[in-house]
$ cat protein32.pdb   # PDB, C-alpha atoms
MODEL        1
ATOM      1  CA  MET A   1      -3.809  43.979  18.870
ATOM      2  CA  PRO A   2      -6.772  41.567  18.941
ATOM      3  CA  ASP A   3      -6.318  38.079  20.397
ATOM      4  CA  LYS A   4      -6.551  35.188  18.005
ATOM      5  CA  ALA A   5      -7.590  31.741  19.183
ATOM      6  CA  PHE A   6      -6.457  28.498  17.567
ATOM      7  CA  GLU A   7      -7.758  25.012  18.328
ATOM      8  CA  HIS A   8      -4.942  23.074  16.696
ATOM      9  CA  THR A   9      -1.173  23.068  16.973
ATOM     10  CA  ILE A  10       0.707  21.348  14.184
ATOM     11  CA  SER A  11       4.419  20.776  14.678
ATOM     12  CA  PHE A  12       6.801  21.301  11.801
ATOM     13  CA  PHE A  13       8.640  18.223  10.581
ATOM     14  CA  GLN A  14      12.319  17.935  11.292
ATOM     15  CA  VAL A  15      13.973  16.284   8.321
ATOM     16  CA  PRO A  16      17.600  15.142   8.349
ATOM     17  CA  THR A  17      19.523  16.159   5.246
ATOM     18  CA  ALA A  18      22.354  14.390   3.461
ATOM     19  CA  SER A  19      24.858  16.874   4.888
ATOM     20  CA  GLY A  20      24.049  15.804   8.422
ATOM     21  CA  THR A  21      22.065  18.896   9.320
ATOM     22  CA  SER A  22      18.276  19.074   9.511
ATOM     23  CA  VAL A  23      15.548  21.351   8.227
ATOM     24  CA  TRP A  24      12.152  22.134   9.730
ATOM     25  CA  LEU A  25       9.276  22.119   7.265
ATOM     26  CA  PRO A  26       5.621  23.127   7.762
ATOM     27  CA  LEU A  27       4.158  19.976   6.253
ATOM     28  CA  ILE A  28       0.545  18.905   6.458
ATOM     29  CA  THR A  29      -1.548  16.055   5.144
ATOM     30  CA  VAL A  30      -4.605  17.053   3.159
ATOM     31  CA  ASN A  31      -7.286  14.722   1.856
ATOM     32  CA  LEU A  32      -8.132  15.250  -1.772
ATOM     33  CA  ILE A  33     -11.703  14.103  -2.317
ATOM     34  CA  GLN A  34     -11.757  12.623  -5.796
ATOM     35  CA  PRO A  35     -14.698  13.093  -8.168
ATOM     36  CA  GLY A  36     -15.980   9.615  -7.225
ATOM     37  CA  GLY A  37     -15.866  10.460  -3.511
ATOM     38  CA  ASN A  38     -12.740   8.514  -2.601
ATOM     39  CA  ARG A  39     -10.264  10.239  -0.311
ATOM     40  CA  VAL A  40      -6.536  10.293  -0.936
ATOM     41  CA  GLY A  41      -4.122  11.750   1.597
ATOM     42  CA  LEU A  42      -1.474  14.017   0.101
ATOM     43  CA  PRO A  43       1.493  15.665   1.824
ATOM     44  CA  LEU A  44       1.667  19.398   1.103
ATOM     45  CA  ILE A  45       3.990  22.151   2.252
ATOM     46  CA  PHE A  46       2.339  25.194   3.775
ATOM     47  CA  ASP A  47       3.082  28.158   1.518
ATOM     48  CA  THR A  48       1.604  31.557   2.336
ATOM     49  CA  GLY A  49       3.264  32.866  -0.819
ATOM     50  CA  ALA A  50       1.260  30.570  -3.071
ATOM     51  CA  SER A  51      -1.866  32.314  -4.379
ATOM     52  CA  VAL A  52      -3.501  28.995  -5.165
ATOM     53  CA  THR A  53      -3.013  25.476  -3.850
ATOM     54  CA  THR A  54      -0.692  23.903  -6.391
ATOM     55  CA  LEU A  55      -0.105  20.221  -6.992
ATOM     56  CA  ARG A  56       2.515  18.429  -9.016
ATOM     57  CA  HIS A  57       1.415  18.166 -12.619
ATOM     58  CA  ASP A  58       1.599  14.385 -12.653
ATOM     59  CA  LEU A  59      -1.116  14.121  -9.991
ATOM     60  CA  TYR A  60      -3.744  14.893 -12.637
ATOM     61  CA  PRO A  61      -5.284  11.368 -12.441
ATOM     62  CA  LEU A  62      -6.466  12.217  -8.930
ATOM     63  CA  LEU A  63      -8.568  15.062 -10.337
ATOM     64  CA  GLY A  64     -10.228  12.775 -12.862
ATOM     65  CA  VAL A  65      -8.975  14.802 -15.830
ATOM     66  CA  PRO A  66      -7.452  13.272 -18.980
ATOM     67  CA  SER A  67      -4.142  15.147 -18.866
ATOM     68  CA  TRP A  68      -2.377  17.703 -16.696
ATOM     69  CA  ASP A  69      -2.793  20.456 -19.295
ATOM     70  CA  SER A  70      -6.510  20.048 -19.968
ATOM     71  CA  GLY A  71      -7.544  22.825 -17.561
ATOM     72  CA  GLU A  72      -7.592  26.600 -17.909
ATOM     73  CA  PRO A  73      -4.033  27.796 -18.621
ATOM     74  CA  GLN A  74      -2.565  30.269 -16.139
ATOM     75  CA  GLN A  75       0.676  32.236 -16.178
ATOM     76  CA  THR A  76       2.223  31.953 -12.723
ATOM     77  CA  LEU A  77       5.224  33.650 -11.212
ATOM     78  CA  THR A  78       7.477  31.716  -8.889
ATOM     79  CA  ALA A  79       9.845  33.089  -6.321
ATOM     80  CA  GLY A  80      12.662  31.174  -7.925
ATOM     81  CA  GLY A  81      12.339  32.539 -11.462
ATOM     82  CA  GLU A  82      11.896  35.806 -13.333
ATOM     83  CA  GLU A  83       9.748  34.379 -16.105
ATOM     84  CA  PRO A  84       6.208  33.152 -15.535
ATOM     85  CA  VAL A  85       5.623  29.427 -15.761
ATOM     86  CA  LEU A  86       2.554  27.669 -17.050
ATOM     87  CA  ALA A  87       0.007  26.167 -14.701
ATOM     88  CA  TYR A  88      -3.456  24.760 -15.387
ATOM     89  CA  ARG A  89      -6.409  25.602 -13.212
ATOM     90  CA  TYR A  90      -9.006  23.129 -11.912
ATOM     91  CA  GLU A  91     -11.423  22.921  -9.006
ATOM     92  CA  ALA A  92     -11.295  20.227  -6.354
ATOM     93  CA  THR A  93     -12.403  19.511  -2.822
ATOM     94  CA  LEU A  94      -9.696  19.393  -0.158
ATOM     95  CA  GLU A  95     -10.254  18.249   3.411
ATOM     96  CA  PHE A  96      -8.014  19.481   6.201
ATOM     97  CA  LEU A  97      -8.604  18.707   9.874
ATOM     98  CA  GLY A  98     -12.002  17.304   8.940
ATOM     99  CA  LYS A  99     -13.181  20.439   7.142
ATOM    100  CA  ALA A 100     -13.820  20.112   3.402
ATOM    101  CA  VAL A 101     -13.320  23.114   1.149
ATOM    102  CA  ARG A 102     -14.036  23.460  -2.548
ATOM    103  CA  CYS A 103     -11.150  25.451  -3.963
ATOM    104  CA  PRO A 104      -9.148  26.167  -7.097
ATOM    105  CA  ILE A 105      -6.201  23.884  -7.761
ATOM    106  CA  HIS A 106      -3.278  24.557 -10.050
ATOM    107  CA  LEU A 107      -1.320  21.748 -11.638
ATOM    108  CA  GLN A 108       2.235  22.793 -12.321
ATOM    109  CA  VAL A 109       5.633  21.220 -12.786
ATOM    110  CA  LEU A 110       7.170  21.234  -9.306
ATOM    111  CA  PRO A 111      10.344  19.770  -7.846
ATOM    112  CA  ARG A 112      10.011  16.195  -6.673
ATOM    113  CA  ASN A 113      10.039  15.579  -2.965
ATOM    114  CA  PRO A 114       8.576  12.613  -1.071
ATOM    115  CA  LEU A 115       7.398  14.780   1.828
ATOM    116  CA  TYR A 116       5.307  17.170  -0.250
ATOM    117  CA  VAL A 117       3.631  16.820  -3.600
ATOM    118  CA  GLY A 118       2.319  20.363  -3.688
ATOM    119  CA  LEU A 119       1.880  23.743  -2.054
ATOM    120  CA  PHE A 120      -0.999  24.490   0.337
ATOM    121  CA  GLY A 121      -1.914  27.967  -0.901
ATOM    122  CA  ARG A 122      -4.288  30.806  -0.124
ATOM    123  CA  ASP A 123      -7.229  30.996  -2.522
ATOM    124  CA  GLN A 124     -10.400  29.939  -0.628
ATOM    125  CA  ILE A 125      -8.376  27.849   1.839
ATOM    126  CA  PHE A 126      -7.266  30.893   3.816
ATOM    127  CA  GLN A 127     -10.878  32.114   3.899
ATOM    128  CA  GLU A 128     -12.004  28.920   5.621
ATOM    129  CA  PHE A 129      -9.180  28.525   8.141
ATOM    130  CA  GLY A 130      -7.120  30.820  10.308
ATOM    131  CA  PHE A 131      -3.389  30.230  10.558
ATOM    132  CA  GLY A 132      -0.578  31.439  12.760
ATOM    133  CA  PHE A 133       3.135  30.683  12.612
ATOM    134  CA  TRP A 134       5.643  30.435  15.404
ATOM    135  CA  GLU A 135       8.923  29.633  13.700
ATOM    136  CA  ARG A 136      10.957  29.624  16.898
ATOM    137  CA  THR A 137       8.941  26.706  18.269
ATOM    138  CA  HIS A 138       8.427  25.164  14.810
ATOM    139  CA  GLU A 139       4.661  25.270  15.162
ATOM    140  CA  LEU A 140       1.745  26.122  12.929
ATOM    141  CA  TYR A 141      -1.480  27.115  14.660
ATOM    142  CA  THR A 142      -4.816  26.539  12.994
ATOM    143  CA  THR A 143      -8.422  27.395  13.665
ATOM    144  CA  LEU A 144     -11.426  26.061  11.794
ATOM    145  CA  ASN A 145     -13.402  29.133  12.871
ATOM    146  CA  PRO A 146     -11.589  32.240  11.633
TER
ATOM    147  CA  MET B   1      -3.208  33.224  22.212
ATOM    148  CA  ARG B   2      -4.987  29.996  23.134
ATOM    149  CA  THR B   3      -3.767  26.759  21.662
ATOM    150  CA  SER B   4      -4.467  23.125  22.287
ATOM    151  CA  PHE B   5      -2.043  20.336  21.629
ATOM    152  CA  ALA B   6      -2.234  18.462  18.376
ATOM    153  CA  LEU B   7      -3.125  14.935  19.337
ATOM    154  CA  GLY B   8      -5.661  15.282  22.126
ATOM    155  CA  GLY B   9      -7.119  18.587  21.037
ATOM    156  CA  GLN B  10      -7.286  17.780  17.375
ATOM    157  CA  THR B  11      -8.845  14.385  17.904
ATOM    158  CA  LYS B  12     -11.403  15.736  20.333
ATOM    159  CA  GLU B  13     -12.361  18.447  17.869
ATOM    160  CA  ILE B  14     -12.715  15.916  15.074
ATOM    161  CA  VAL B  15     -14.787  13.541  17.189
ATOM    162  CA  GLU B  16     -17.054  16.356  18.308
ATOM    163  CA  SER B  17     -17.338  17.622  14.772
ATOM    164  CA  VAL B  18     -18.165  14.207  13.327
ATOM    165  CA  ALA B  19     -20.428  13.070  16.148
ATOM    166  CA  THR B  20     -22.594  16.182  16.016
ATOM    167  CA  SER B  21     -22.943  16.123  12.242
ATOM    168  CA  ASN B  22     -26.066  14.812  10.536
ATOM    169  CA  LEU B  23     -24.326  11.731   9.179
ATOM    170  CA  PRO B  24     -25.756   8.270   9.940
ATOM    171  CA  PRO B  25     -23.854   6.306  12.627
ATOM    172  CA  GLY B  26     -22.254   3.939  10.121
ATOM    173  CA  GLU B  27     -20.810   6.830   8.167
ATOM    174  CA  ILE B  28     -19.534   8.501  11.330
ATOM    175  CA  LEU B  29     -17.740   5.294  12.333
ATOM    176  CA  LYS B  30     -16.160   5.078   8.888
ATOM    177  CA  ARG B  31     -14.978   8.661   9.273
ATOM    178  CA  LEU B  32     -13.436   7.838  12.656
ATOM    179  CA  ASP B  33     -11.643   4.891  11.054
ATOM    180  CA  SER B  34     -10.334   7.158   8.317
ATOM    181  CA  TYR B  35      -8.930   9.532  10.947
ATOM    182  CA  GLY B  36      -7.238   6.612  12.731
ATOM    183  CA  ILE B  37      -9.369   7.048  15.864
ATOM    184  CA  ASP B  38     -10.004   3.873  17.870
ATOM    185  CA  TRP B  39     -13.675   3.416  18.761
ATOM    186  CA  TYR B  40     -15.886   0.869  20.508
ATOM    187  CA  LEU B  41     -19.651   0.502  20.798
ATOM    188  CA  THR B  42     -20.972  -0.454  24.227
ATOM    189  CA  ASP B  43     -23.891  -2.859  24.717
ATOM    190  CA  ALA B  44     -26.038   0.189  25.409
ATOM    191  CA  GLY B  45     -25.092   1.607  22.013
ATOM    192  CA  ASP B  46     -22.830   4.342  23.354
ATOM    193  CA  LEU B  47     -19.848   5.326  21.264
ATOM    194  CA  MET B  48     -16.533   5.152  23.093
ATOM    195  CA  VAL B  49     -13.405   6.656  21.542
ATOM    196  CA  ARG B  50      -9.784   6.498  22.556
ATOM    197  CA  TYR B  51      -7.368   9.291  21.856
ATOM    198  CA  TRP B  52      -4.021  10.690  22.954
ATOM    199  CA  GLN B  53      -3.646  13.588  25.298
ATOM    200  CA  VAL B  54      -0.679  15.496  26.649
ATOM    201  CA  GLY B  55       0.751  13.943  29.804
ATOM    202  CA  VAL B  56       3.584  16.348  30.567
ATOM    203  CA  GLU B  57       4.344  19.513  28.653
ATOM    204  CA  ASP B  58       7.974  20.226  27.685
ATOM    205  CA  PHE B  59       8.938  16.758  28.900
ATOM    206  CA  VAL B  60      12.195  16.703  26.912
ATOM    207  CA  PRO B  61      14.084  19.438  25.040
ATOM    208  CA  ARG B  62      12.820  19.736  21.459
ATOM    209  CA  GLU B  63      16.248  19.074  19.990
ATOM    210  CA  HIS B  64      16.218  15.616  21.601
ATOM    211  CA  VAL B  65      12.812  14.567  20.318
ATOM    212  CA  ALA B  66      13.870  13.143  16.956
ATOM    213  CA  ARG B  67      16.623  11.025  18.541
ATOM    214  CA  ILE B  68      14.393   9.646  21.287
ATOM    215  CA  ARG B  69      11.553   8.903  18.873
ATOM    216  CA  GLN B  70      13.766   6.746  16.683
ATOM    217  CA  SER B  71      13.471   3.792  19.007
ATOM    218  CA  ARG B  72       9.706   4.075  19.458
ATOM    219  CA  THR B  73       6.886   2.571  17.483
ATOM    220  CA  VAL B  74       4.777   5.248  15.856
ATOM    221  CA  PRO B  75       1.328   5.292  17.485
ATOM    222  CA  ARG B  76      -1.522   4.496  15.137
ATOM    223  CA  GLU B  77      -2.834   8.025  15.241
ATOM    224  CA  ALA B  78       0.488   9.517  14.178
ATOM    225  CA  SER B  79       0.315  10.544  10.595
ATOM    226  CA  ALA B  80       1.611   8.684   7.587
ATOM    227  CA  LEU B  81       3.662  11.780   6.922
ATOM    228  CA  GLU B  82       5.508  11.383  10.196
ATOM    229  CA  TRP B  83       6.101   7.706   9.509
ATOM    230  CA  LEU B  84       7.326   8.571   6.011
ATOM    231  CA  SER B  85       9.740  11.209   7.274
ATOM    232  CA  ARG B  86      11.195   8.798   9.810
ATOM    233  CA  HIS B  87      11.667   5.981   7.305
ATOM    234  CA  LEU B  88      12.693   8.026   4.310
ATOM    235  CA  HIS B  89      16.134   6.485   4.023
ATOM    236  CA  ASP B  90      14.794   2.931   3.904
ATOM    237  CA  LEU B  91      11.939   3.876   1.604
ATOM    238  CA  ARG B  92      14.308   5.546  -0.845
ATOM    239  CA  ALA B  93      16.449   2.423  -0.900
ATOM    240  CA  LYS B  94      13.443   0.239  -1.713
ATOM    241  CA  TYR B  95      11.027   2.406  -3.701
ATOM    242  CA  ALA B  96      13.153   5.023  -5.510
ATOM    243  CA  GLY B  97      11.333   6.228  -8.612
ATOM    244  CA  GLN B  98       7.972   4.806  -7.520
ATOM    245  CA  TRP B  99       4.666   6.112  -6.259
ATOM    246  CA  ILE B 100       3.643   4.518  -2.980
ATOM    247  CA  ALA B 101       0.390   4.217  -1.058
ATOM    248  CA  VAL B 102       0.705   4.104   2.731
ATOM    249  CA  VAL B 103      -1.941   2.894   5.174
ATOM    250  CA  ASP B 104      -1.388   2.295   8.899
ATOM    251  CA  ASN B 105       2.344   2.891   8.568
ATOM    252  CA  GLN B 106       2.839   0.317   5.828
ATOM    253  CA  VAL B 107       3.392   0.599   2.113
ATOM    254  CA  VAL B 108       0.344  -1.205   0.717
ATOM    255  CA  ALA B 109       0.956  -0.539  -2.985
ATOM    256  CA  ALA B 110       3.771   0.748  -5.170
ATOM    257  CA  SER B 111       4.197   1.475  -8.856
ATOM    258  CA  THR B 112       6.219   3.615 -11.229
ATOM    259  CA  SER B 113       2.884   4.865 -12.598
ATOM    260  CA  LEU B 114       0.335   6.809 -10.566
ATOM    261  CA  PRO B 115      -2.659   5.531 -12.597
ATOM    262  CA  ASP B 116      -1.430   1.980 -11.993
ATOM    263  CA  LEU B 117      -1.043   2.685  -8.279
ATOM    264  CA  LEU B 118      -4.590   4.050  -8.131
ATOM    265  CA  GLN B 119      -5.840   0.943  -9.899
ATOM    266  CA  GLN B 120      -4.083  -1.277  -7.351
ATOM    267  CA  VAL B 121      -5.578   0.753  -4.527
ATOM    268  CA  GLY B 122      -9.060   0.594  -6.043
ATOM    269  CA  GLU B 123      -8.934  -3.133  -6.691
ATOM    270  CA  SER B 124      -7.683  -3.819  -3.169
ATOM    271  CA  GLY B 125     -10.528  -1.840  -1.623
ATOM    272  CA  ILE B 126      -8.010   0.333   0.243
ATOM    273  CA  GLU B 127      -9.645   3.428   1.706
ATOM    274  CA  ASN B 128      -8.017   6.798   2.219
ATOM    275  CA  PRO B 129      -4.427   5.900   1.327
ATOM    276  CA  PHE B 130      -1.628   8.405   1.772
ATOM    277  CA  ILE B 131       0.075   8.817  -1.592
ATOM    278  CA  THR B 132       3.426  10.246  -2.557
ATOM    279  CA  GLU B 133       6.339   9.581  -4.852
ATOM    280  CA  ILE B 134       9.804   8.529  -3.737
ATOM    281  CA  PRO B 135      12.136  10.345  -6.144
ATOM    282  CA  ALA B 136      15.176   8.565  -7.483
ATOM    283  CA  LYS B 137      17.268  11.746  -7.661
ATOM    284  CA  PRO B 138      18.940  13.420  -4.671
ATOM    285  CA  LEU B 139      16.612  15.635  -2.672
ATOM    286  CA  ILE B 140      16.976  19.383  -2.288
ATOM    287  CA  TRP B 141      15.432  20.705   0.905
ATOM    288  CA  THR B 142      15.824  24.455   0.537
ATOM    289  CA  THR B 143      12.771  25.927  -1.160
ATOM    290  CA  ALA B 144      11.584  29.270  -2.508
ATOM    291  CA  TYR B 145       8.171  28.825  -4.065
ATOM    292  CA  ALA B 146       5.278  31.144  -4.680
ATOM    293  CA  GLY B 147       2.575  30.030  -7.035
TER
ENDMDL
END
$ encode --input "protein32.pdb" --output "structure tokens"
Amino acid sequence: MPDKAFEHTISFFQVPTASGTSVWLPLITVNLIQPGGNRVGLPLIFDTGASVTTLRHDLYPLLGVPSWDSGEPQQTLTAGGEEPVLAYRYEATLEFLGKAVRCPIHLQVLPRNPLYVGLFGRDQIFQEFGFGFWERTHELYTTLNP
Amino acid sequence: MRTSFALGGQTKEIVESVATSNLPPGEILKRLDSYGIDWYLTDAGDLMVRYWQVGVEDFVPREHVARIRQSRTVPREASALEWLSRHLHDLRAKYAGQWIAVVDNQVVAASTSLPDLLQQVGESGIENPFITEIPAKPLIWTTAYAG
């Protein structure tokens, strides 16, 4: 088994729930670099099951597009449903830990949650970073040099 | 496996990455500001930076961290996400159903409309805000997504 080296350790977030328990979530903040060059920080949940980084559909103004459904339509399967749902594909630049990556972005109707407005998915992102999980310690390890 | 701890290691990596890039000094300083890194220029023109580093590893049991942190001010470098998660109850009481922009652990703009929020942010000259929506409906924390 080869050794893997990671420069960054990112702790999961412990979030208290209404029932009095708590959940640990692999949340990260990613800068979306808008078409005009402005940066906006967005909370995303790390999702190795997501083929493409997916944002809530109503974030379309950040991409500088006229509506959420103006991109290339995509049929997408979700773990929670048998039928594919509709997403629209765009390209955007995301910056994570200071490294900017041009990658595909899907806009899709997602559940509303204040701690994440989208899913940090694989396409292009996972080529540019290396990731390791350690659930027992609630840590996500990251390298900028995979 | 080799790891470094998030605050010291991450900041050092970012500083090294930014400082060795081909950006002009003014742009590098703006980048440091955007990352929440304190900096100071000496009379000789040297760039000084201040960042957190680990003092003692495993200082308290992990299950006690959230409780102990509650009484502490969030350091400037801590992320808006951490501040948001710690103040979620209060934020939901005040901003339910609104988009918010957070800078330096403060809500600097809020609106029920994201385009309106972005306009407020643009007109105020706010740089690199953290943006999210505070839903009005009860939150569900268990997830099963795959895009």
$ resolve_selection --input "protein32.pdb" --expression "the PyMOL selection byres ((chain A) within 8 of (chain B))" --output "ChimeraX atom specification"
/A:3-11,13-15,17,23,28-29,31,38-43,47-54,58-59,61,76-80,97-98,112-117,121,141
$ atom_distance --input "protein32.pdb" --atom1 "CA of Glu128 (chain A)" --atom2 "CA of Phe96 (chain A)"
10.3 Å
$ atom_distance --input "protein32.pdb" --atom1 "CA of Pro73 (chain A)" --atom2 "CA of Gln34 (chain A)"
21.3 Å
$ closest_residue --input "protein32.pdb" --among "A:Gln127, A:Thr137, A:Asn145, A:Thr93" --to "Gly37 (chain A)" --atoms "all atoms listed in the file"
A:Thr93
$ atom_distance --input "protein32.pdb" --atom1 "CA of His64 (chain B)" --atom2 "CA of Asn105 (chain B)"
22.9 Å
$ resolve_selection --input "protein32.pdb" --expression "the PyMOL selection byres ((chain A and resi 55) around 6)" --output "PyMOL selection string"
chain A and resi 54+56+107+118
$ closest_residue --input "protein32.pdb" --among "A:Met1, A:Ile45, A:Val65, A:Val30" --to "Lys99 (chain A)" --atoms "all atoms listed in the file"
A:Val30
$ closest_residue --input "protein32.pdb" --among "B:Asp58, B:Asp33, B:Asp90, B:Asp46" --to "Asp104 (chain B)" --atoms "all atoms listed in the file"
B:Asp33
$ closest_residue --input "protein32.pdb" --among "A:Leu86, A:Leu94, A:Leu62, A:Leu144" --to "Leu117 (chain B)" --atoms "only C-alpha atoms"
A:Leu62
$ decode --input "protein32.pdb" --residues "region 9-45 of chain A" --atoms "C-alpha atoms" --output "short mmCIF file (atom, residue, chain, number, x, y, z; two decimals), in the first residue's frame"
data_model
loop_
_atom_site.label_atom_id
_atom_site.label_comp_id
_atom_site.auth_asym_id
_atom_site.auth_seq_id
_atom_site.Cartn_x
_atom_site.Cartn_y
_atom_site.Cartn_z
CA THR A 9 -6.53 18.53 7.87
CA ILE A 10 -10.09 19.78 7.83
CA SER A 11 -12.29 18.88 10.79
CA PHE A 12 -15.88 17.89 10.22
CA PHE A 13 -18.49 20.21 11.69
CA GLN A 14 -20.46 19.03 14.67
CA VAL A 15 -24.00 20.32 14.33
CA PRO A 16 -26.57 20.04 17.12
CA THR A 17 -29.95 18.80 15.93
CA ALA A 18 -33.42 19.61 17.20
CA SER A 19 -33.64 16.22 18.91
CA GLY A 20 -30.69 17.04 21.13
CA THR A 21 -28.22 14.81 19.34
CA SER A 22 -25.54 16.02 16.94
CA VAL A 23 -24.29 15.09 13.50
CA TRP A 24 -20.81 15.42 12.02
CA LEU A 25 -20.71 16.82 8.50
CA PRO A 26 -17.75 17.17 6.09
CA LEU A 27 -18.39 20.81 5.25
CA ILE A 28 -16.02 23.10 3.41
CA THR A 29 -16.05 26.66 2.18
CA VAL A 30 -15.31 27.13 -1.49
CA ASN A 31 -14.86 30.43 -3.29
CA LEU A 32 -16.86 30.73 -6.46
CA ILE A 33 -15.07 33.17 -8.74
CA GLN A 34 -17.82 35.00 -10.58
CA PRO A 35 -17.52 35.96 -14.26
CA GLY A 36 -16.55 39.51 -13.22
CA GLY A 37 -13.77 38.21 -10.96
CA ASN A 38 -15.50 38.73 -7.62
CA ARG A 39 -15.19 35.93 -5.09
CA VAL A 40 -18.11 34.59 -3.10
CA GLY A 41 -17.63 32.03 -0.34
CA LEU A 42 -20.11 29.17 -0.43
CA PRO A 43 -20.56 26.33 2.07
CA LEU A 44 -20.59 22.93 0.38
CA ILE A 45 -20.85 19.39 1.68
#
